[in-house]
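Enquirer: Here you go, this is work11.cif (mmCIF, C-alpha atoms).
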```cif
data_model
#
loop_
_atom_site.label_atom_id
_atom_site.label_comp_id
_atom_site.auth_asym_id
_atom_site.auth_seq_id
_atom_site.Cartn_x
_atom_site.Cartn_y
_atom_site.Cartn_z
CA MET H 7 -107.29 49.13 -98.60
CA ASN H 8 -110.45 47.15 -98.00
CA SER H 9 -111.88 49.67 -95.58
CA PRO H 10 -115.49 50.51 -96.36
CA ASP H 11 -114.80 54.12 -95.42
CA ARG H 12 -113.35 55.36 -98.69
CA ARG H 13 -112.44 58.77 -97.32
CA ALA H 14 -109.98 57.29 -94.85
CA THR H 15 -108.15 55.37 -97.52
CA ILE H 16 -105.77 56.79 -100.04
CA PRO H 17 -105.14 54.44 -102.95
CA ILE H 18 -101.52 54.35 -103.99
CA ALA H 19 -100.22 52.42 -106.94
CA ASN H 20 -97.60 49.75 -106.66
CA ALA H 21 -94.62 51.40 -108.24
CA GLY H 22 -92.79 49.72 -111.05
CA THR H 23 -93.72 46.07 -110.91
CA GLN H 24 -97.25 46.21 -112.23
CA PRO H 25 -98.29 47.37 -115.66
CA LYS H 26 -99.45 50.94 -115.75
CA ASP H 27 -103.05 51.30 -114.79
CA PRO H 28 -104.40 54.72 -115.73
CA VAL H 29 -106.80 54.57 -112.79
CA PHE H 30 -103.98 55.00 -110.27
CA ASP H 31 -101.89 57.54 -112.13
CA VAL H 32 -103.77 60.45 -110.63
CA PHE H 33 -105.79 60.76 -107.49
CA THR H 34 -107.53 63.64 -105.84
CA THR H 35 -107.82 64.30 -102.14
CA LYS H 36 -107.80 67.13 -99.68
CA LYS H 37 -104.61 68.60 -98.33
CA ASP H 38 -105.64 68.06 -94.71
CA GLU H 39 -106.50 64.44 -95.38
CA VAL H 40 -103.27 63.54 -97.09
CA VAL H 41 -101.13 65.40 -94.57
CA GLY H 42 -103.10 63.93 -91.70
CA TRP H 43 -102.75 60.47 -93.16
CA ALA H 44 -99.00 60.93 -93.47
CA ARG H 45 -98.59 62.37 -90.02
CA LYS H 46 -100.70 59.84 -88.20
CA PHE H 47 -98.59 56.96 -89.49
CA SER H 48 -95.25 58.58 -88.83
CA LEU H 49 -95.36 59.33 -85.11
CA PHE H 50 -91.90 59.59 -83.65
CA PRO H 51 -92.25 59.13 -79.92
CA TYR H 52 -89.93 60.67 -77.41
CA PRO H 53 -90.07 58.37 -74.36
CA PHE H 54 -89.75 60.54 -71.27
CA VAL H 55 -89.43 57.50 -69.03
CA THR H 56 -89.01 58.18 -65.34
CA ALA H 57 -90.47 55.23 -63.48
CA CYS H 58 -91.78 51.69 -63.50
CA CYS H 59 -94.22 52.34 -66.36
CA GLY H 60 -91.09 52.22 -68.51
CA MET H 61 -91.24 48.43 -68.34
CA GLU H 62 -94.72 48.61 -69.82
CA PHE H 63 -93.50 50.99 -72.47
CA MET H 64 -90.84 48.46 -73.45
CA SER H 65 -93.46 45.75 -73.54
CA VAL H 66 -95.83 47.67 -75.76
CA SER H 67 -93.13 48.79 -78.15
CA SER H 68 -91.50 45.42 -78.61
CA THR H 69 -92.47 42.27 -80.44
CA ILE H 70 -95.76 41.00 -79.08
CA TYR H 71 -97.69 44.27 -79.01
CA ASP H 72 -95.50 46.07 -81.50
CA THR H 73 -96.39 49.72 -81.91
CA ASP H 74 -94.54 49.56 -85.23
CA ARG H 75 -97.86 48.47 -86.70
CA PHE H 76 -99.12 51.99 -86.02
CA GLY H 77 -96.07 53.74 -87.36
CA ALA H 78 -95.14 54.76 -83.84
CA ALA H 79 -92.26 52.47 -83.13
CA LEU H 80 -89.10 54.41 -83.58
CA PRO H 81 -88.23 56.27 -80.39
CA ARG H 82 -86.13 59.34 -80.98
CA PHE H 83 -83.94 60.27 -78.07
CA THR H 84 -83.80 63.87 -78.99
CA PRO H 85 -86.90 66.04 -78.70
CA ARG H 86 -85.99 67.88 -81.91
CA GLN H 87 -86.71 64.83 -84.04
CA SER H 88 -89.86 63.66 -82.32
CA ASP H 89 -93.47 64.72 -82.41
CA LEU H 90 -95.12 62.53 -79.77
CA MET H 91 -93.95 62.97 -76.21
CA MET H 92 -94.81 59.94 -74.10
CA VAL H 93 -94.48 60.93 -70.45
CA VAL H 94 -94.04 57.52 -68.87
CA GLY H 95 -93.96 57.61 -65.09
CA THR H 96 -93.97 59.88 -62.08
CA ILE H 97 -92.97 63.51 -62.56
CA THR H 98 -91.65 65.16 -59.43
CA HIS H 99 -91.41 68.86 -58.84
CA LYS H 100 -87.64 68.58 -59.08
CA GLN H 101 -88.03 67.10 -62.54
CA ALA H 102 -90.71 69.47 -63.79
CA PRO H 103 -88.30 72.05 -65.30
CA VAL H 104 -86.67 69.29 -67.37
CA LEU H 105 -90.01 68.08 -68.68
CA LYS H 106 -91.10 71.58 -69.58
CA ARG H 107 -87.85 72.38 -71.32
CA ILE H 108 -87.87 69.20 -73.39
CA TYR H 109 -91.46 69.86 -74.41
CA GLU H 110 -90.49 73.33 -75.54
CA GLN H 111 -87.64 71.91 -77.62
CA MET H 112 -89.98 69.76 -79.68
CA CYS H 113 -90.99 71.17 -83.07
CA GLU H 114 -94.58 71.67 -84.08
CA PRO H 115 -96.72 69.73 -84.66
CA LYS H 116 -96.40 67.88 -81.38
CA TRP H 117 -98.61 65.78 -79.19
CA VAL H 118 -98.29 64.57 -75.61
CA MET H 119 -99.44 61.30 -74.10
CA ALA H 120 -99.69 60.94 -70.32
CA PHE H 121 -98.74 57.29 -69.87
CA GLY H 122 -99.88 55.79 -66.58
CA VAL H 123 -101.75 57.18 -63.65
CA CYS H 124 -98.80 59.09 -62.18
CA ALA H 125 -98.36 61.24 -65.27
CA THR H 126 -102.13 61.56 -65.56
CA SER H 127 -102.97 62.70 -62.04
CA GLY H 128 -100.08 62.01 -59.68
CA GLY H 129 -101.61 58.64 -58.90
CA PHE H 130 -101.19 57.47 -55.36
CA TYR H 131 -98.25 59.84 -54.89
CA ASP H 132 -100.58 62.37 -53.34
CA ASN H 133 -97.83 64.33 -51.64
CA TYR H 134 -95.54 67.34 -51.65
CA ALA H 135 -92.98 65.89 -54.06
CA VAL H 136 -95.01 64.85 -57.10
CA VAL H 137 -96.71 66.98 -59.74
CA GLN H 138 -100.39 66.08 -59.54
CA GLY H 139 -100.79 65.49 -63.26
CA ILE H 140 -98.49 66.76 -65.98
CA ASP H 141 -101.31 68.80 -67.49
CA LYS H 142 -100.42 71.38 -64.86
CA LEU H 143 -97.18 71.92 -66.78
CA ILE H 144 -97.79 71.10 -70.45
CA PRO H 145 -100.89 70.47 -72.57
CA VAL H 146 -101.79 66.79 -72.80
CA ASP H 147 -103.58 65.26 -75.79
CA ILE H 148 -104.37 61.84 -74.47
CA TYR H 149 -104.42 60.25 -71.05
CA VAL H 150 -103.74 56.57 -70.40
CA PRO H 151 -104.58 55.72 -66.77
CA GLY H 152 -103.59 52.48 -65.13
CA CYS H 153 -100.81 51.40 -62.84
CA PRO H 154 -99.36 50.39 -65.18
CA PRO H 155 -101.70 50.54 -68.19
CA ARG H 156 -102.25 47.39 -70.18
CA PRO H 157 -100.52 47.40 -73.58
CA GLU H 158 -103.96 47.26 -75.18
CA MET H 159 -104.81 50.56 -73.50
CA VAL H 160 -101.70 52.18 -74.90
CA ILE H 161 -102.44 50.86 -78.37
CA ASP H 162 -105.99 52.14 -78.07
CA ALA H 163 -104.63 55.53 -77.03
CA ILE H 164 -102.29 55.62 -80.02
CA MET H 165 -105.16 54.75 -82.34
CA GLN H 166 -107.37 57.43 -80.83
CA LEU H 167 -104.57 59.93 -81.19
CA GLN H 168 -104.13 58.87 -84.81
CA ASP H 169 -107.83 59.42 -85.44
CA ARG H 170 -107.55 62.87 -83.99
CA ILE H 171 -104.45 63.70 -86.04
CA ALA H 172 -106.24 62.53 -89.18
CA ARG H 173 -109.12 64.89 -88.45
CA GLU H 174 -106.97 67.89 -87.59
CA HIS H 175 -106.45 70.94 -89.77
CA HIS H 176 -102.81 70.77 -90.78
CA VAL H 177 -101.19 74.07 -91.50
CA ILE H 178 -98.14 73.26 -93.57
CA LEU H 179 -97.66 76.43 -95.56
CA LYS H 180 -97.70 79.89 -94.13
CA GLY H 181 -97.21 83.34 -95.58
CA ASP H 182 -97.46 84.17 -99.27
CA PHE H 183 -96.41 80.94 -100.86
CA MET O 15 -69.50 37.97 -30.07
CA ARG O 16 -73.25 37.57 -29.67
CA ASP O 17 -73.06 36.08 -26.19
CA GLY O 18 -72.93 38.79 -23.64
CA LEU O 19 -73.06 41.46 -26.29
CA VAL O 20 -75.36 43.71 -24.34
CA GLU O 21 -73.17 43.45 -21.26
CA LEU O 22 -70.08 44.13 -23.38
CA LEU O 23 -71.62 47.21 -24.94
CA ASP O 24 -72.89 48.37 -21.57
CA SER O 25 -69.46 48.16 -20.03
CA ARG O 26 -67.54 49.55 -23.02
CA LEU O 27 -69.87 52.35 -23.98
CA ARG O 28 -71.36 53.25 -20.58
CA SER O 29 -74.76 53.61 -22.20
CA ARG O 30 -78.30 52.27 -22.06
CA THR O 31 -78.34 49.09 -24.15
CA TRP O 32 -81.04 46.54 -24.87
CA LEU O 33 -82.06 44.02 -27.50
CA SER O 34 -84.79 44.86 -29.98
CA HIS O 35 -85.86 41.85 -32.07
CA GLY O 36 -82.42 40.40 -31.47
CA MET O 37 -80.60 43.55 -32.51
CA PRO O 38 -78.64 45.51 -29.93
CA VAL O 39 -79.80 49.08 -29.49
CA VAL O 40 -77.56 51.66 -27.86
CA GLU O 41 -78.92 54.98 -26.68
CA ILE O 42 -76.49 57.74 -25.80
CA ASP O 43 -76.33 61.49 -25.26
CA ALA O 44 -75.80 63.59 -28.36
CA ALA O 45 -72.53 64.92 -27.02
CA ARG O 46 -71.01 61.42 -26.89
CA VAL O 47 -71.60 60.40 -30.53
CA SER O 48 -68.02 60.79 -31.71
CA GLU O 49 -66.57 59.03 -28.70
CA VAL O 50 -68.96 56.06 -28.95
CA VAL O 51 -68.58 55.68 -32.70
CA ARG O 52 -64.81 55.59 -32.32
CA VAL O 53 -65.12 52.67 -29.88
CA LEU O 54 -67.65 50.91 -32.13
CA ARG O 55 -65.47 51.15 -35.19
CA ASP O 56 -61.96 50.79 -33.88
CA GLU O 57 -62.44 48.42 -30.97
CA LEU O 58 -65.66 46.46 -31.58
CA GLY O 59 -65.30 45.99 -35.34
CA PHE O 60 -68.38 47.78 -36.65
CA ASP O 61 -66.72 48.74 -39.90
CA MET O 62 -69.74 49.53 -42.04
CA LEU O 63 -72.31 52.31 -41.72
CA LEU O 64 -75.65 51.17 -43.12
CA ASP O 65 -77.99 54.07 -42.54
CA VAL O 66 -78.41 57.50 -41.04
CA THR O 67 -81.95 58.59 -40.40
CA ALA O 68 -84.10 60.33 -37.84
CA VAL O 69 -87.46 60.06 -36.13
CA ASP O 70 -89.70 63.01 -35.38
CA TRP O 71 -91.36 62.38 -32.00
CA ILE O 72 -93.49 65.48 -32.24
CA GLY O 73 -94.71 66.68 -28.87
CA GLN O 74 -91.88 65.04 -26.96
CA ARG O 75 -88.83 66.78 -25.65
CA PRO O 76 -86.22 66.49 -27.03
CA ARG O 77 -88.11 66.17 -30.25
CA PHE O 78 -85.82 64.40 -32.74
CA GLU O 79 -84.12 61.06 -32.51
CA VAL O 80 -81.17 60.48 -34.82
CA VAL O 81 -80.61 56.82 -35.64
CA TRP O 82 -77.55 55.11 -37.07
CA HIS O 83 -77.25 51.50 -38.12
CA PHE O 84 -73.88 49.78 -38.09
CA PHE O 85 -72.71 46.42 -39.31
CA ALA O 86 -69.68 44.37 -38.34
CA THR O 87 -68.61 42.40 -41.39
CA ARG O 88 -66.34 40.16 -39.34
CA ASP O 89 -69.08 39.02 -36.96
CA CYS O 90 -72.17 39.56 -39.17
CA GLN O 91 -73.54 41.68 -36.37
CA ARG O 92 -75.82 44.68 -36.67
CA LEU O 93 -76.18 47.48 -34.17
CA ARG O 94 -78.47 50.48 -33.79
CA LEU O 95 -77.28 53.69 -32.20
CA LYS O 96 -79.76 56.36 -31.15
CA THR O 97 -79.57 59.79 -29.68
CA ARG O 98 -82.00 62.62 -29.02
CA VAL O 99 -81.57 66.20 -30.21
CA PRO O 100 -83.80 69.16 -29.33
CA GLU O 101 -85.95 71.05 -31.83
CA ASP O 102 -84.28 74.44 -31.34
CA ASP O 103 -80.75 73.08 -31.92
CA PRO O 104 -80.93 69.80 -33.88
CA GLU O 105 -77.21 69.21 -34.24
CA VAL O 106 -75.03 66.12 -33.84
CA ASP O 107 -71.51 65.20 -34.85
CA SER O 108 -71.02 64.08 -38.43
CA LEU O 109 -69.58 60.65 -39.04
CA VAL O 110 -67.94 61.63 -42.34
CA SER O 111 -64.45 61.41 -40.90
CA TRP O 112 -65.08 57.77 -39.87
CA TYR O 113 -67.38 56.50 -42.61
CA GLY O 114 -67.38 57.96 -46.12
CA ALA O 115 -70.88 56.59 -46.64
CA ALA O 116 -72.17 59.07 -44.10
CA ALA O 117 -71.78 62.05 -46.42
CA PHE O 118 -74.80 61.46 -48.66
CA MET O 119 -76.98 59.92 -45.97
CA GLU O 120 -76.43 62.89 -43.72
CA ARG O 121 -77.36 65.18 -46.59
CA GLU O 122 -80.61 63.28 -47.02
CA CYS O 123 -81.33 63.40 -43.31
CA HIS O 124 -80.66 67.13 -43.34
CA ASP O 125 -83.10 67.48 -46.27
CA MET O 126 -85.88 65.54 -44.68
CA PHE O 127 -85.61 66.38 -40.98
CA GLY O 128 -83.38 69.44 -40.77
CA ILE O 129 -80.81 67.73 -38.59
CA ARG O 130 -77.45 69.52 -38.83
CA PHE O 131 -74.36 67.35 -38.85
CA ARG O 132 -71.40 69.13 -37.35
CA GLY O 133 -68.38 68.44 -39.54
CA ASN O 134 -70.20 67.60 -42.78
CA ALA O 135 -69.10 70.43 -45.05
CA ASP O 136 -71.60 69.66 -47.81
CA LEU O 137 -75.19 69.73 -46.60
CA ARG O 138 -76.68 70.98 -49.86
CA PRO O 139 -80.05 69.45 -50.81
CA ILE O 140 -79.64 66.02 -52.34
CA LEU O 141 -83.20 64.76 -52.84
CA LEU O 142 -84.91 68.13 -52.55
CA TYR O 143 -84.05 71.14 -54.67
CA GLU O 144 -82.59 74.56 -54.00
CA GLY O 145 -85.28 76.86 -52.74
CA PHE O 146 -87.37 74.22 -51.00
CA VAL O 147 -88.56 75.63 -47.69
CA GLY O 148 -89.01 73.30 -44.74
CA HIS O 149 -88.31 69.66 -44.05
CA PRO O 150 -90.97 67.36 -45.48
CA LEU O 151 -90.58 64.35 -43.21
CA ARG O 152 -91.19 66.42 -40.11
CA LYS O 153 -94.62 65.61 -38.77
CA ASP O 154 -95.73 69.25 -38.88
CA TYR O 155 -95.06 69.55 -42.63
CA ASP O 156 -98.36 69.37 -44.53
CA LYS O 157 -97.91 66.57 -47.02
CA HIS O 158 -99.95 68.43 -49.63
CA HIS O 159 -97.83 71.56 -49.46
CA GLU O 160 -96.19 71.53 -52.88
CA GLN O 161 -93.46 73.93 -53.88
CA PRO O 162 -93.48 73.90 -57.68
CA LEU O 163 -90.46 75.08 -59.63
CA VAL O 164 -92.42 75.63 -62.83
CA PRO O 165 -95.46 77.92 -62.86
CA TYR O 166 -98.65 75.98 -63.52
CA ARG O 167 -100.60 76.44 -66.72
CA ASP O 168 -103.86 78.33 -66.52
CA ALA O 169 -105.95 75.66 -68.22
CA VAL O 170 -106.10 73.11 -65.47
CA PRO O 171 -109.25 71.01 -65.24
CA ALA O 172 -111.64 71.96 -62.47
CA GLY O 173 -111.06 70.30 -59.14
CA ARG O 174 -107.34 69.86 -59.68
CA GLN O 175 -106.21 73.27 -58.53
CA GLY O 176 -103.90 74.08 -55.68
CA GLY O 177 -101.42 72.02 -53.79
CA GLN O 178 -102.68 72.92 -50.34
CA SER O 179 -105.74 71.09 -49.11
#
```
Let me see the structure of the file written as structure tokens.

Expert:
Amino acid sequence: MNSPDRRATIPIANAGTQPKDPVFDVFTTKKDEVVGWARKFSLFPYPFVTACCGMEFMSVSSTIYDTDRFGAALPRFTPRQSDLMMVVGTITHKQAPVLKRIYEQMCEPKWVMAFGVCATSGGFYDNYAVVQGIDKLIPVDIYVPGCPPRPEMVIDAIMQLQDRIAREHHVILKGDF
Amino acid sequence: MRDGLVELLDSRLRSRTWLSHGMPVVEIDAARVSEVVRVLRDELGFDMLLDVTAVDWIGQRPRFEVVWHFFATRDCQRLRLKTRVPEDDPEVDSLVSWYGAAAFMERECHDMFGIRFRGNADLRPILLYEGFVGHPLRKDYDKHHEQPLVPYRDAVPAGRQGGQS
């Protein structure tokens, strides 16, 4: 609430406890800003964990680093309830159809994070068995290299993704509403 | 059992036997695998099969070397058994009827080297997938030759195209 950038902040009144202040009864904003603000703080990650980066995913999502601070803490283990796919680990060619299918099951809007160097580029698995970067299969919004990435890098990636979501044009109504 | 082990194996198995880093190595003809394994298991106490794998000695004839590792739980003794099979007919007897553990390891060896195990009824791919052509651990398989199951997207960043290099 103390951010100097007023456009990024949406003042919301404390409900109930405080006496009514007419200043906070009504506010004006843009649809894209309010929807973007809501969406960026309610990321539901789907952890597609295949390899050792999973340990780092556990580290970044639990107490010390705590992605809950960014509203991205609650992993959903069904793609239909999630909007951020975190591909954590090596994707082999045998696994590629599974990854693609799960991505297709996610509802719009959806974003993809390539977590670790294997998901980003194949990493040092430069061989016949491993997909050389999951962007050959599905569109990727943000890449986090590192083997494994530091938790700070993942948090930075989440924040960058949130900035992008906040700036996006959010189509929420279609047709002749 | 360790004392005179090589001599014992030599006399019982009628094979070439030597010690490699303290571990007895037995080399036999491919036709004698079943006979030798029966003696190893039933008479010498090697009751556990640890590994089935192969080596591709490309350029040599016969080209492939199939390697088994055994362990005798009674004596804490390991043993390596090797045999050569030719490239045009890479086939040896399966050990499934003696060791249940052989089933999956022979499938993997069939995946990776194309060795056929006579008597193993289930040699479907286990680590590879249906439709994979070739045997990737053979030395003449290009390690960059990918066989994707999912068609690649068009929008791939420059310099990342193609599996073959």

Enquirer: Distance cut-off 9 Å, counting only C-alpha atoms - which residues of chain H neighbour chain O? Return them as a PyMOL selection string.

Expert: chain H and resi 99-103+106+127+132-139+141-145

Enquirer: Please, what distance in Å, to one decimal, runs between atom CA of H:Ser48 and atom CA of H:Met61?

Expert: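 Computed distance, atom CA of H:Ser48 to atom CA of H:Met61, equals 23.2 Å.
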
Enquirer: Provide the atom CA of O:Thr67 to atom CA of H:Cys58 distance in Å, to one decimal place.

Expert: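 Atom-to-atom, atom CA of O:Thr67 to atom CA of H:Cys58, that is 26.0 Å.
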
Enquirer: Please evaluate the PyMOL selection byres ((chain H and resi 111-117) around 12) against the structure above and give the resulting residues as a PyMOL selection string.

Expert: chain H and resi 41-42+45-46+48-52+82-93+104-110+118-120+144-149+164+167-168+170-171+174-178

Enquirer: Starting from 3 Å padding per side, set up an axis-aligned box that covers all listed atoms of stretch 67-73 of chain H and hand over centre and edge lengths in Å, one decimal, as JSON.

Expert:
```
{"center_x": -94.6, "center_y": 45.4, "center_z": -80.0, "size_x": 12.2, "size_y": 14.7, "size_z": 9.8}
```

Enquirer: Which residues are near stretch 128-131 of chain O? Cut-off 6 Å, only C-alpha atoms, ignore same chain within fewer than 3 positions. Put them as an MDAnalysis selection string.

Expert: chainID O and resid 104:108 124:125 134 149

Enquirer: Show me as a PyMOL selection string the residues that reach within 12 Å of (-100.6, 56.7, -67.4), counting all atoms listed in the file and using the file's own coordinates.

Expert: chain H and resi 55-60+62-63+92-97+118-129+139-140+146+148-157+159-160+163

Enquirer: Using the chain letters and numbers from the file, which residues does the PyMOL selection byres ((chain O and resi 65) around 9) grab, as a PyMOL selection string?

Expert: chain O and resi 63-64+66-67+81-84+115-116+119

Enquirer: Please evaluate the PyMOL selection byres ((chain O and resi 46-48) around 10) against the structure above and give the resulting residues as a list in words.

Expert: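 With the shown file as input, the PyMOL selection byres ((chain O and resi 46-48) around 10) matches Leu27, Ser29, Glu41, Ile42, Asp43, Ala44, Ala45, Glu49, Val50, Val51, Arg52, Val53, Leu54, Leu95, Lys96, Thr97, Val106, Asp107, Ser108, Leu109, Ser111 and Trp112 of chain O.
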
Enquirer: Can you tell me, as a PyMOL selection string, what residues are no more than 9 Å from O:Glu79 when counting only C-alpha atoms, ignoring any on the same chain fewer than 5 positions away?

Expert: chain O and resi 67-71+96-100

Enquirer: Can those selected residues be exported to a file as a PDB file, keeping the file's coordinate frame so that it contains C-alpha atoms?

Expert:
```
ATOM      1  CA  THR O  67     -81.950  58.590 -40.400  1.00  0.00           C
ATOM      2  CA  ALA O  68     -84.100  60.330 -37.840  1.00  0.00           C
ATOM      3  CA  VAL O  69     -87.460  60.060 -36.130  1.00  0.00           C
ATOM      4  CA  ASP O  70     -89.700  63.010 -35.380  1.00  0.00           C
ATOM      5  CA  TRP O  71     -91.360  62.380 -32.000  1.00  0.00           C
ATOM      6  CA  LYS O  96     -79.760  56.360 -31.150  1.00  0.00           C
ATOM      7  CA  THR O  97     -79.570  59.790 -29.680  1.00  0.00           C
ATOM      8  CA  ARG O  98     -82.000  62.620 -29.020  1.00  0.00           C
ATOM      9  CA  VAL O  99     -81.570  66.200 -30.210  1.00  0.00           C
ATOM     10  CA  PRO O 100     -83.800  69.160 -29.330  1.00  0.00           C
TER      11      PRO O 100
END
```
